[in-house]
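K.L.:
Handing you this structure, nothing more for now.
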Amino acid sequence: MTAVPSYLSPTGQEIVFLLLGAVAVGSALLVVTTRQLVHAALWLVVSFGALAGCYVVLTAEFVAWVQVLIYVGAVVVLLLFGIMLTRAPIGRSADLDSGNRLVAAVVALATAGVLVAVVIDAFRTAYTPLEPGGGAAKELGASVFRTWVLPFEALSVLLLAALIGAIVLSRTDIKSGDEPPAPESRGE
Amino acid sequence: MHIVYPAVVAALLFSIGVYGVLARRNTILVLMSVELMLNAVNLNLVAFDVWLRDRLHGGQVLTLFVIVIAAAELGVGLAIVLALYRNRRTVDLDQLRELSEDQPMPAGRTLPPPQAGADQPGGGSGGERPVDDPATSGNGAAAGRQEKRASRGGVQ
């Protein structure tokens with residue numbers, strides 16, 4: 001077991017990581033507390049971007065770029081489309097939180113307390129020097145297409161299934177023949 | 001890099017996601033909170049992959065897989081939310097109680113009479129009425145239940 005460097009003299013990488021982590025956690029807090037639906041999606045961009053920065057600091061650069069491409073590029077745009085298509089109110093709305101906010105805060109604080117305490121107790125002495133290159137596209141690509149190629153292919157089938165499922169759910173002109181049409185609850 | 005730092009950041013992100021899932025009412029905001037929780041898991045995976053110096057890069061490859069699965073989940077989830085919005089004109093989670101059991105009403109509350117107004121057919125869309133205190137939201141849930149019974153043809 002090598003000696004663990006002191007927590008009181010953080011390296012530059014650790015300072016950058018902690019700043020990015022603070023940005024990620026702070027904007028995530030704004031995502032779950034903001035009163036404006038669109039702002040929540042935009043704060044989500046900030047949070048995911050800061051997390052991508054965290055991945056870069058942790059030398060996982062390929063994962064960082066995938067995070068930027070898929071989360072910031074695709075997922076948030078999808079969420080914004082969802083907000084638009086459900087005709088959510090633009091601007092301040094009072095009813096984004098349900099009645100059990102207090103219970104939720106208690107549960108979340110308890111989760112945070114338990115997790116942080118356990119994690120600090122367990123990994124107090126864990127330390128690794130960061131060496132660049134471990135998460136480069138070349139290494140990761142070789143790993144994906146050599147060792148993990150079977151789960152990769154299974155995942156592509158799963159993506160296809162999810163795509164077809166989303167299309168079937170979104171189409172309105174597919175009627176099942178045997179059951180009566182769903183009752184219109186709002187009757188227009 | 002101390003492994004505690006990414007682990008603590010991931011734990012905080014996860015509990016923020018838990019808060020969002022429990023406290024938010026709009027379904028799209030709940031989906032956003034689920035994404036936050038998945039990202040916390042991803043940060044853990046990357047950090048432990050770097051710490052353990054996995055030769056096969058299992059952690060980072062699993063992170064990529066989780067990102068892909070999250071995208072697929074969000075696609076199907078938003079399709080379900082949009083289908084819901086087409087049929088019910090609302091995406092508020094506490095008005096969608098069709099699959100819940102018929103619980104006994106809390107003491108002191110009664111079912112509102114059927115001619116209670118706002119959620120009669122043609123009486124405007126109930127989804128956009130502001131529900132800001134627990135009493136009103138309880139009434140809304142009760143009204144939704146009653147409406148469901150009415151739409152079943154009064155079987156119960």
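Note on naming: chains are A, B, ... as they come in the structure tokens, residues start from 1 per chain, ligands start from 1 in the order shown.
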Mind listing as a PyMOL selection string which residues of chain B are within 7 Å of chain A, counting only C-alpha atoms?
P.N.:
chain B and resi 1-4+7-9+11-13+15-16+18-20+22-26+47+51+56-57+60-61+64+71-72+75-76+78-80+82-83+85+87-88+121-122+125+130-132+134+151
K.L.:
Considering only alpha helix (DSSP H) as DSSP defines it on the backbone, what residues of chain A qualify? List them as a PyMOL selection string.
P.N.:
chain A and resi 12-33+37-57+61-66+76-85+101-122+137-146+149-170
K.L.:
Give me every strand (DSSP E or B) residue in chain A, going by DSSP on the backbone, as a ChimeraX atom specification.
P.N.:
/A:36,92,97,127
K.L.:
Would you work out the distance separating atom CA of Glu61 of chain A from atom CA of Leu36 of chain B, expressed in Å to one decimal?
P.N.:
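Result for atom CA of Glu61 of chain A versus atom CA of Leu36 of chain B: 19.9 Å, one decimal.
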K.L.:
Work out how far atom CA of Val16 of chain A is from atom CA of Gly58 of chain B, in Å to one decimal.
P.N.:
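Between atom CA of Gly58 of chain B and atom CA of Val16 of chain A the gap works out to 25.4 Å.
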K.L.:
Contacts of Val66 of chain B at 8 Å or less, counting only C-alpha atoms, minus same-chain residues fewer than 4 places along, as a VMD selection string?
P.N.:
chain B and resid 38 42 62 70
K.L.:
Just C-alpha atoms for this one: save the residues we selected as a PDB file, in the first residue's frame.
P.N.:
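This went into again-v3.pdb:
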```pdb
ATOM      1  CA  LEU B  38     -27.863   7.560 -14.426  1.00  0.00           C
ATOM      2  CA  ASN B  42     -21.633   6.791 -14.935  1.00  0.00           C
ATOM      3  CA  LEU B  62     -20.181  -0.058 -19.408  1.00  0.00           C
ATOM      4  CA  ALA B  70     -30.411   5.938 -21.232  1.00  0.00           C
TER       5      ALA B  70
END
```
K.L.:
Calculate how many Å separate atom CA of Gly59 of chain B from atom CA of Val149 of chain A, rounding to one decimal.
P.N.:
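Here the two named atoms are 14.8 Å from each other.
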